$ cat coords.cif   # mmCIF, N, CA and C atoms
data_model
#
loop_
_atom_site.label_atom_id
_atom_site.label_comp_id
_atom_site.auth_asym_id
_atom_site.auth_seq_id
_atom_site.Cartn_x
_atom_site.Cartn_y
_atom_site.Cartn_z
N MET A 154 35.88 24.51 -28.32
CA MET A 154 34.76 25.04 -29.07
C MET A 154 33.76 25.66 -28.10
N SER A 155 33.29 26.82 -28.39
CA SER A 155 32.23 27.41 -27.60
C SER A 155 30.92 27.26 -28.37
N PHE A 156 29.86 27.09 -27.64
CA PHE A 156 28.55 26.93 -28.26
C PHE A 156 28.03 28.31 -28.65
N PRO A 157 27.40 28.46 -29.82
CA PRO A 157 27.08 29.79 -30.34
C PRO A 157 25.87 30.49 -29.72
N THR A 158 25.21 29.85 -28.75
CA THR A 158 24.04 30.48 -28.12
C THR A 158 23.86 29.90 -26.73
N ASN A 159 22.97 30.50 -25.95
CA ASN A 159 22.69 29.95 -24.62
C ASN A 159 21.89 28.66 -24.75
N VAL A 160 21.99 27.83 -23.73
CA VAL A 160 21.20 26.60 -23.66
C VAL A 160 20.16 26.82 -22.57
N GLU A 161 18.90 26.78 -22.93
CA GLU A 161 17.82 27.05 -21.97
C GLU A 161 17.56 25.87 -21.05
N MET A 162 17.61 24.66 -21.57
CA MET A 162 17.37 23.48 -20.76
C MET A 162 17.71 22.23 -21.57
N ILE A 163 17.90 21.15 -20.88
CA ILE A 163 18.04 19.84 -21.50
C ILE A 163 17.12 18.92 -20.71
N ASP A 164 16.02 18.52 -21.32
CA ASP A 164 15.03 17.69 -20.65
C ASP A 164 14.91 16.35 -21.36
N PRO A 165 15.09 15.24 -20.63
CA PRO A 165 14.95 13.92 -21.25
C PRO A 165 13.49 13.61 -21.59
N ILE A 166 13.32 12.70 -22.53
CA ILE A 166 12.00 12.20 -22.91
C ILE A 166 12.00 10.70 -22.62
N LEU A 167 11.05 10.26 -21.80
CA LEU A 167 10.94 8.85 -21.45
C LEU A 167 9.76 8.22 -22.17
N CYS A 168 9.99 7.03 -22.70
CA CYS A 168 8.93 6.25 -23.30
C CYS A 168 8.19 5.51 -22.18
N VAL A 169 6.87 5.69 -22.13
CA VAL A 169 6.05 5.03 -21.13
C VAL A 169 4.89 4.32 -21.83
N SER A 170 4.38 3.26 -21.21
CA SER A 170 3.32 2.49 -21.87
C SER A 170 1.92 2.98 -21.51
N ASP A 171 1.78 3.66 -20.39
CA ASP A 171 0.47 4.15 -19.94
C ASP A 171 0.69 5.52 -19.32
N LEU A 172 0.38 6.56 -20.08
CA LEU A 172 0.69 7.93 -19.67
C LEU A 172 0.05 8.28 -18.33
N MET A 173 -1.21 7.95 -18.12
CA MET A 173 -1.89 8.32 -16.87
C MET A 173 -1.27 7.59 -15.68
N ARG A 174 -0.93 6.33 -15.85
CA ARG A 174 -0.27 5.58 -14.77
C ARG A 174 1.06 6.23 -14.42
N SER A 175 1.80 6.65 -15.44
CA SER A 175 3.09 7.28 -15.20
C SER A 175 2.94 8.63 -14.51
N ILE A 176 1.98 9.43 -14.95
CA ILE A 176 1.74 10.72 -14.29
C ILE A 176 1.41 10.50 -12.82
N THR A 177 0.56 9.55 -12.54
CA THR A 177 0.18 9.24 -11.16
C THR A 177 1.40 8.83 -10.35
N TYR A 178 2.23 7.96 -10.88
CA TYR A 178 3.42 7.49 -10.16
C TYR A 178 4.39 8.65 -9.90
N TYR A 179 4.67 9.42 -10.94
CA TYR A 179 5.62 10.52 -10.77
C TYR A 179 5.10 11.59 -9.82
N THR A 180 3.81 11.86 -9.81
CA THR A 180 3.28 12.91 -8.95
C THR A 180 2.98 12.40 -7.53
N GLU A 181 2.27 11.28 -7.41
CA GLU A 181 1.84 10.82 -6.10
C GLU A 181 2.92 10.08 -5.32
N VAL A 182 3.80 9.39 -6.01
CA VAL A 182 4.84 8.62 -5.32
C VAL A 182 6.16 9.39 -5.27
N LEU A 183 6.57 9.96 -6.40
CA LEU A 183 7.88 10.61 -6.46
C LEU A 183 7.85 12.11 -6.18
N GLY A 184 6.66 12.71 -6.10
CA GLY A 184 6.58 14.10 -5.72
C GLY A 184 6.81 15.12 -6.83
N PHE A 185 6.75 14.69 -8.08
CA PHE A 185 6.86 15.61 -9.20
C PHE A 185 5.56 16.38 -9.34
N GLU A 186 5.60 17.48 -10.07
CA GLU A 186 4.40 18.23 -10.41
C GLU A 186 4.04 17.96 -11.86
N ALA A 187 2.76 17.74 -12.12
CA ALA A 187 2.30 17.50 -13.49
C ALA A 187 2.22 18.83 -14.23
N ALA A 188 2.51 18.80 -15.52
CA ALA A 188 2.36 19.99 -16.36
C ALA A 188 0.89 20.34 -16.46
N ASP A 189 0.61 21.58 -16.82
CA ASP A 189 -0.78 21.99 -17.00
C ASP A 189 -1.27 21.72 -18.41
N TRP A 190 -0.53 20.90 -19.15
CA TRP A 190 -0.94 20.50 -20.50
C TRP A 190 -0.69 19.00 -20.65
N ASN A 191 -1.46 18.38 -21.53
CA ASN A 191 -1.35 16.94 -21.77
C ASN A 191 -2.06 16.68 -23.10
N THR A 192 -1.33 16.13 -24.08
CA THR A 192 -1.94 15.87 -25.38
C THR A 192 -2.65 14.52 -25.44
N GLY A 193 -2.60 13.77 -24.35
CA GLY A 193 -3.19 12.44 -24.34
C GLY A 193 -2.14 11.36 -24.50
N ASP A 194 -1.03 11.69 -25.17
CA ASP A 194 0.06 10.73 -25.31
C ASP A 194 1.43 11.37 -25.07
N PHE A 195 1.42 12.64 -24.61
CA PHE A 195 2.67 13.35 -24.36
C PHE A 195 2.43 14.43 -23.33
N THR A 196 3.30 14.50 -22.32
CA THR A 196 3.20 15.54 -21.30
C THR A 196 4.54 15.68 -20.61
N SER A 197 4.54 16.43 -19.54
CA SER A 197 5.76 16.66 -18.78
C SER A 197 5.45 16.62 -17.29
N VAL A 198 6.43 16.20 -16.52
CA VAL A 198 6.38 16.30 -15.06
C VAL A 198 7.66 17.00 -14.64
N ALA A 199 7.63 17.67 -13.50
CA ALA A 199 8.80 18.42 -13.07
C ALA A 199 9.05 18.25 -11.57
N LEU A 200 10.31 18.28 -11.21
CA LEU A 200 10.74 18.22 -9.82
C LEU A 200 11.65 19.41 -9.60
N ALA A 201 11.23 20.30 -8.72
CA ALA A 201 12.00 21.52 -8.42
C ALA A 201 12.35 22.28 -9.70
N GLY A 202 11.38 22.34 -10.62
CA GLY A 202 11.57 23.10 -11.85
C GLY A 202 12.33 22.38 -12.94
N ASN A 203 12.72 21.14 -12.72
CA ASN A 203 13.45 20.36 -13.72
C ASN A 203 12.52 19.31 -14.30
N GLY A 204 12.36 19.32 -15.63
CA GLY A 204 11.34 18.51 -16.26
C GLY A 204 11.82 17.23 -16.90
N ILE A 205 10.88 16.31 -17.00
CA ILE A 205 11.02 15.08 -17.75
C ILE A 205 9.77 14.97 -18.62
N TYR A 206 9.95 14.77 -19.91
CA TYR A 206 8.81 14.54 -20.79
C TYR A 206 8.45 13.07 -20.74
N LEU A 207 7.17 12.77 -20.83
CA LEU A 207 6.66 11.40 -20.87
C LEU A 207 5.93 11.22 -22.19
N ALA A 208 6.34 10.25 -22.97
CA ALA A 208 5.75 9.98 -24.28
C ALA A 208 5.20 8.56 -24.29
N GLN A 209 3.90 8.42 -24.51
CA GLN A 209 3.28 7.10 -24.49
C GLN A 209 3.61 6.34 -25.77
N ASN A 210 4.30 5.22 -25.58
CA ASN A 210 4.67 4.30 -26.68
C ASN A 210 5.38 5.01 -27.83
N ALA A 211 6.22 5.97 -27.51
CA ALA A 211 6.92 6.71 -28.56
C ALA A 211 8.21 7.31 -28.00
N GLN A 212 9.07 7.74 -28.89
CA GLN A 212 10.26 8.53 -28.58
C GLN A 212 11.17 7.85 -27.56
N GLY A 213 11.82 6.84 -27.98
CA GLY A 213 12.78 6.16 -27.12
C GLY A 213 12.34 4.78 -26.73
N GLN A 214 13.07 4.22 -25.80
CA GLN A 214 12.82 2.87 -25.34
C GLN A 214 12.64 2.86 -23.83
N PRO A 215 11.73 2.04 -23.32
CA PRO A 215 11.66 1.88 -21.87
C PRO A 215 13.01 1.38 -21.35
N GLY A 216 13.33 1.76 -20.15
CA GLY A 216 14.59 1.34 -19.56
C GLY A 216 15.68 2.40 -19.64
N THR A 217 15.31 3.62 -19.97
CA THR A 217 16.26 4.73 -20.02
C THR A 217 16.69 5.10 -18.60
N TRP A 218 17.93 5.52 -18.45
CA TRP A 218 18.45 5.94 -17.15
C TRP A 218 18.68 7.44 -17.17
N ILE A 219 18.34 8.11 -16.05
CA ILE A 219 18.51 9.55 -15.91
C ILE A 219 19.23 9.84 -14.60
N TRP A 220 20.20 10.74 -14.64
CA TRP A 220 20.88 11.19 -13.43
C TRP A 220 20.15 12.40 -12.87
N VAL A 221 19.88 12.38 -11.56
CA VAL A 221 19.25 13.51 -10.88
C VAL A 221 20.13 13.88 -9.69
N GLY A 222 20.84 14.98 -9.81
CA GLY A 222 21.70 15.42 -8.71
C GLY A 222 20.87 16.11 -7.64
N VAL A 223 21.04 15.68 -6.39
CA VAL A 223 20.31 16.25 -5.27
C VAL A 223 21.28 16.55 -4.13
N GLY A 224 20.81 17.30 -3.15
CA GLY A 224 21.66 17.65 -2.02
C GLY A 224 21.81 16.53 -1.01
N ASN A 225 20.79 15.65 -0.87
CA ASN A 225 20.82 14.63 0.18
C ASN A 225 20.04 13.40 -0.27
N VAL A 226 20.75 12.41 -0.75
CA VAL A 226 20.12 11.17 -1.23
C VAL A 226 19.38 10.45 -0.12
N ARG A 227 19.93 10.46 1.07
CA ARG A 227 19.26 9.75 2.17
C ARG A 227 17.87 10.34 2.46
N ALA A 228 17.73 11.66 2.35
CA ALA A 228 16.42 12.29 2.55
C ALA A 228 15.44 11.87 1.46
N VAL A 229 15.92 11.74 0.23
CA VAL A 229 15.06 11.28 -0.86
C VAL A 229 14.60 9.84 -0.59
N TYR A 230 15.52 8.99 -0.17
CA TYR A 230 15.19 7.61 0.16
C TYR A 230 14.14 7.55 1.27
N GLU A 231 14.32 8.34 2.32
CA GLU A 231 13.37 8.36 3.44
C GLU A 231 11.98 8.83 3.00
N LEU A 232 11.93 9.70 2.00
CA LEU A 232 10.64 10.14 1.45
C LEU A 232 10.00 9.05 0.61
N TYR A 233 10.77 8.43 -0.27
CA TYR A 233 10.23 7.49 -1.25
C TYR A 233 9.92 6.11 -0.70
N GLN A 234 10.73 5.61 0.20
CA GLN A 234 10.60 4.23 0.66
C GLN A 234 9.20 3.94 1.22
N PRO A 235 8.65 4.76 2.12
CA PRO A 235 7.31 4.44 2.63
C PRO A 235 6.17 4.76 1.65
N ARG A 236 6.47 5.49 0.58
CA ARG A 236 5.43 5.86 -0.39
C ARG A 236 5.22 4.79 -1.46
N GLY A 237 6.01 3.72 -1.39
CA GLY A 237 5.86 2.65 -2.36
C GLY A 237 6.64 2.85 -3.65
N ALA A 238 7.65 3.71 -3.62
CA ALA A 238 8.50 3.85 -4.80
C ALA A 238 9.20 2.53 -5.09
N ILE A 239 9.44 2.29 -6.34
CA ILE A 239 10.15 1.06 -6.74
C ILE A 239 11.64 1.34 -6.56
N ILE A 240 12.17 0.91 -5.40
CA ILE A 240 13.57 1.14 -5.07
C ILE A 240 14.39 0.02 -5.72
N ARG A 241 15.16 0.39 -6.69
CA ARG A 241 16.02 -0.56 -7.38
C ARG A 241 17.30 -0.80 -6.59
N MET A 242 17.79 0.28 -5.94
CA MET A 242 19.00 0.19 -5.13
C MET A 242 18.93 1.27 -4.05
N PRO A 243 19.02 0.88 -2.77
CA PRO A 243 19.01 1.89 -1.71
C PRO A 243 20.29 2.73 -1.78
N PRO A 244 20.38 3.79 -0.98
CA PRO A 244 21.59 4.62 -1.04
C PRO A 244 22.85 3.78 -0.92
N THR A 245 23.71 3.93 -1.90
CA THR A 245 24.94 3.14 -2.00
C THR A 245 26.10 4.09 -2.29
N LYS A 246 27.18 3.88 -1.59
CA LYS A 246 28.35 4.75 -1.74
C LYS A 246 29.21 4.30 -2.92
N TYR A 247 29.50 5.24 -3.78
CA TYR A 247 30.43 5.07 -4.89
C TYR A 247 31.47 6.18 -4.80
N PRO A 248 32.58 6.06 -5.49
CA PRO A 248 33.58 7.15 -5.45
C PRO A 248 33.02 8.47 -5.96
N TRP A 249 32.08 8.44 -6.89
CA TRP A 249 31.56 9.66 -7.50
C TRP A 249 30.34 10.22 -6.78
N ALA A 250 29.63 9.41 -5.99
CA ALA A 250 28.40 9.89 -5.35
C ALA A 250 27.84 8.85 -4.39
N LEU A 251 26.95 9.31 -3.54
CA LEU A 251 26.04 8.44 -2.81
C LEU A 251 24.82 8.35 -3.71
N GLU A 252 24.46 7.15 -4.14
CA GLU A 252 23.46 7.01 -5.19
C GLU A 252 22.29 6.13 -4.75
N LEU A 253 21.09 6.57 -5.15
CA LEU A 253 19.84 5.84 -4.95
C LEU A 253 19.24 5.63 -6.33
N GLN A 254 18.81 4.41 -6.62
CA GLN A 254 18.17 4.14 -7.91
C GLN A 254 16.69 3.81 -7.68
N VAL A 255 15.85 4.55 -8.39
CA VAL A 255 14.40 4.38 -8.32
C VAL A 255 13.90 4.09 -9.73
N GLU A 256 13.03 3.11 -9.84
CA GLU A 256 12.50 2.70 -11.14
C GLU A 256 11.05 3.18 -11.28
N ASP A 257 10.66 3.49 -12.51
CA ASP A 257 9.25 3.80 -12.75
C ASP A 257 8.55 2.54 -13.27
N PRO A 258 7.23 2.57 -13.46
CA PRO A 258 6.52 1.35 -13.87
C PRO A 258 6.96 0.77 -15.21
N ASP A 259 7.67 1.54 -16.03
CA ASP A 259 8.14 1.05 -17.33
C ASP A 259 9.60 0.68 -17.33
N GLY A 260 10.23 0.66 -16.16
CA GLY A 260 11.63 0.26 -16.07
C GLY A 260 12.62 1.38 -16.31
N ASN A 261 12.14 2.62 -16.49
CA ASN A 261 13.06 3.75 -16.56
C ASN A 261 13.65 3.97 -15.17
N VAL A 262 14.92 4.31 -15.10
CA VAL A 262 15.61 4.42 -13.82
C VAL A 262 16.05 5.85 -13.57
N LEU A 263 15.69 6.37 -12.40
CA LEU A 263 16.17 7.66 -11.94
C LEU A 263 17.30 7.39 -10.95
N ARG A 264 18.48 7.87 -11.29
CA ARG A 264 19.65 7.71 -10.42
C ARG A 264 19.82 9.01 -9.64
N PHE A 265 19.36 9.03 -8.40
CA PHE A 265 19.51 10.20 -7.55
C PHE A 265 20.89 10.13 -6.91
N GLY A 266 21.64 11.21 -7.00
CA GLY A 266 22.99 11.21 -6.43
C GLY A 266 23.30 12.48 -5.69
N SER A 267 24.04 12.33 -4.59
CA SER A 267 24.57 13.46 -3.85
C SER A 267 26.03 13.18 -3.54
N ASP A 268 26.70 14.13 -2.92
CA ASP A 268 28.11 13.93 -2.60
C ASP A 268 28.28 12.65 -1.81
N PRO A 269 29.37 11.92 -2.06
CA PRO A 269 29.59 10.67 -1.31
C PRO A 269 29.84 10.96 0.17
N ASP A 270 29.49 9.99 1.01
CA ASP A 270 29.79 10.11 2.44
C ASP A 270 31.30 10.21 2.63
N ALA A 271 31.70 10.89 3.68
CA ALA A 271 33.14 10.99 3.99
C ALA A 271 33.68 9.66 4.46
#

$ encode --input "coords.cif" --output "structure tokens"
Amino acid sequence: MSFPTNVEMIDPILCVSDLMRSITYYTEVLGFEAADWNTGDFTSVALAGNGIYLAQNAQGQPGTWIWVGVGNVRAVYELYQPRGAIIRMPPTKYPWALELQVEDPDGNVLRFGSDPDA
């Protein structure tokens, strides 16, 4: 089956309990950019042009997992570790990727992955 139109983007929506705390964590610790709009309970943050919506106490459940493909997981770890990121799992080799798991204050998990080590 072919899809009948182009797909512009697929952006996850994360449920967070405190929108401002989440914006601060994503921007100051994880290096995302905050959107230039915020409704008070809904906004977006982006990393290299790829967005995640943040919804305060709405739209989903805390504890959602998101895959983020990157070129070098070890470089991401070296950036995040001294900044106080909540490292759930340091870079770990799997058959499918070298993976780093980072948690946000609401238990949502970002799984950063790059090609596995040789």

$ closest_residue --input "coords.cif" --among "A:Ala238, A:Ile163, A:Val226, A:Leu263" --to "Leu183 in chain A" --atoms "all atoms listed in the file"
A:Ala238

$ closest_residue --input "coords.cif" --among "A:Tyr247, A:Asn210, A:Val229, A:Ile176" --to "Ser197 in chain A" --atoms "only N, CA and C atoms"
A:Ile176

$ resolve_selection --input "coords.cif" --expression "the PyMOL selection byres (((chain A and resi 248-250 and name CA) around 8) and name CA)" --output "number ranges by chain"
A: 246-247, 251-252, 266-270

$ resolve_selection --input "coords.cif" --expression "the PyMOL selection byres ((chain A and resi 261) around 6)" --output "mmCIF file with N, CA and C atoms, keeping the file's coordinate frame"
data_model
loop_
_atom_site.group_PDB
_atom_site.id
_atom_site.type_symbol
_atom_site.label_atom_id
_atom_site.label_comp_id
_atom_site.auth_asym_id
_atom_site.auth_seq_id
_atom_site.Cartn_x
_atom_site.Cartn_y
_atom_site.Cartn_z
ATOM 1 N N PRO A 215 11.730 2.040 -23.320
ATOM 2 C CA PRO A 215 11.660 1.880 -21.870
ATOM 3 C C PRO A 215 13.010 1.380 -21.350
ATOM 4 N N GLY A 216 13.330 1.760 -20.150
ATOM 5 C CA GLY A 216 14.590 1.340 -19.560
ATOM 6 C C GLY A 216 15.680 2.400 -19.640
ATOM 7 N N THR A 217 15.310 3.620 -19.970
ATOM 8 C CA THR A 217 16.260 4.730 -20.020
ATOM 9 C C THR A 217 16.690 5.100 -18.600
ATOM 10 N N TRP A 218 17.930 5.520 -18.450
ATOM 11 C CA TRP A 218 18.450 5.940 -17.150
ATOM 12 C C TRP A 218 18.680 7.440 -17.170
ATOM 13 N N VAL A 255 15.850 4.550 -8.390
ATOM 14 C CA VAL A 255 14.400 4.380 -8.320
ATOM 15 C C VAL A 255 13.900 4.090 -9.730
ATOM 16 N N GLU A 256 13.030 3.110 -9.840
ATOM 17 C CA GLU A 256 12.500 2.700 -11.140
ATOM 18 C C GLU A 256 11.050 3.180 -11.280
ATOM 19 N N ASP A 257 10.660 3.490 -12.510
ATOM 20 C CA ASP A 257 9.250 3.800 -12.750
ATOM 21 C C ASP A 257 8.550 2.540 -13.270
ATOM 22 N N PRO A 258 7.230 2.570 -13.460
ATOM 23 C CA PRO A 258 6.520 1.350 -13.870
ATOM 24 C C PRO A 258 6.960 0.770 -15.210
ATOM 25 N N ASP A 259 7.670 1.540 -16.030
ATOM 26 C CA ASP A 259 8.140 1.050 -17.330
ATOM 27 C C ASP A 259 9.600 0.680 -17.330
ATOM 28 N N GLY A 260 10.230 0.660 -16.160
ATOM 29 C CA GLY A 260 11.630 0.260 -16.070
ATOM 30 C C GLY A 260 12.620 1.380 -16.310
ATOM 31 N N VAL A 262 14.920 4.310 -15.100
ATOM 32 C CA VAL A 262 15.610 4.420 -13.820
ATOM 33 C C VAL A 262 16.050 5.850 -13.570
ATOM 34 N N LEU A 263 15.690 6.370 -12.400
ATOM 35 C CA LEU A 263 16.170 7.660 -11.940
ATOM 36 C C LEU A 263 17.300 7.390 -10.950
#

$ residues_around --input "coords.cif" --residues "range 167-169 of chain A" --least-positions-apart "5" --cutoff "6.5 Å" --atoms "all atoms listed in the file" --output "NGL selection string"
:A and (205-215 or 259)

$ closest_residue --input "coords.cif" --among "A:Val221, A:Ser175, A:Met154, A:Gly204" --to "Ala188 in chain A" --atoms "only C-alpha atoms"
A:Gly204

$ decode --input "coords.cif" --residues "range 246-259 of chain A" --atoms "N, CA, C and O atoms" --output "compact mmCIF listing (two decimals), in the first residue's frame"
# COMPACT_ATOMS: atom_id res chain seq x y z
N LYS A 246 25.91 -1.41 24.24
CA LYS A 246 25.91 -2.03 22.91
C LYS A 246 24.79 -3.08 22.82
O LYS A 246 24.67 -3.95 23.69
N TYR A 247 24.01 -2.95 21.78
CA TYR A 247 22.98 -3.93 21.42
C TYR A 247 23.21 -4.31 19.95
O TYR A 247 23.90 -3.58 19.24
N PRO A 248 22.63 -5.39 19.49
CA PRO A 248 22.81 -5.75 18.07
C PRO A 248 22.29 -4.67 17.13
O PRO A 248 22.81 -4.49 16.03
N TRP A 249 21.27 -3.93 17.53
CA TRP A 249 20.65 -2.93 16.66
C TRP A 249 21.27 -1.54 16.79
O TRP A 249 21.10 -0.72 15.90
N ALA A 250 21.95 -1.25 17.89
CA ALA A 250 22.48 0.10 18.10
C ALA A 250 23.35 0.17 19.34
O ALA A 250 23.30 -0.70 20.21
N LEU A 251 24.12 1.23 19.42
CA LEU A 251 24.73 1.67 20.67
C LEU A 251 23.71 2.63 21.25
O LEU A 251 23.34 3.62 20.60
N GLU A 252 23.21 2.35 22.44
CA GLU A 252 22.06 3.09 22.96
C GLU A 252 22.35 3.72 24.31
O GLU A 252 22.98 3.14 25.18
N LEU A 253 21.85 4.95 24.46
CA LEU A 253 21.90 5.73 25.70
C LEU A 253 20.47 6.06 26.07
O LEU A 253 19.70 6.52 25.22
N GLN A 254 20.10 5.83 27.32
CA GLN A 254 18.75 6.18 27.76
C GLN A 254 18.81 7.33 28.76
O GLN A 254 19.53 7.26 29.75
N VAL A 255 18.05 8.38 28.45
CA VAL A 255 17.97 9.56 29.29
C VAL A 255 16.51 9.77 29.67
O VAL A 255 15.62 9.66 28.83
N GLU A 256 16.28 10.06 30.93
CA GLU A 256 14.93 10.24 31.44
C GLU A 256 14.66 11.72 31.70
O GLU A 256 15.57 12.46 32.05
N ASP A 257 13.40 12.13 31.51
CA ASP A 257 13.04 13.50 31.88
C ASP A 257 12.41 13.48 33.28
O ASP A 257 12.23 12.41 33.87
N PRO A 258 12.10 14.63 33.86
CA PRO A 258 11.57 14.65 35.24
C PRO A 258 10.26 13.89 35.43
O PRO A 258 9.90 13.58 36.56
N ASP A 259 9.54 13.57 34.36
CA ASP A 259 8.29 12.84 34.48
C ASP A 259 8.42 11.37 34.12
O ASP A 259 7.42 10.66 34.00
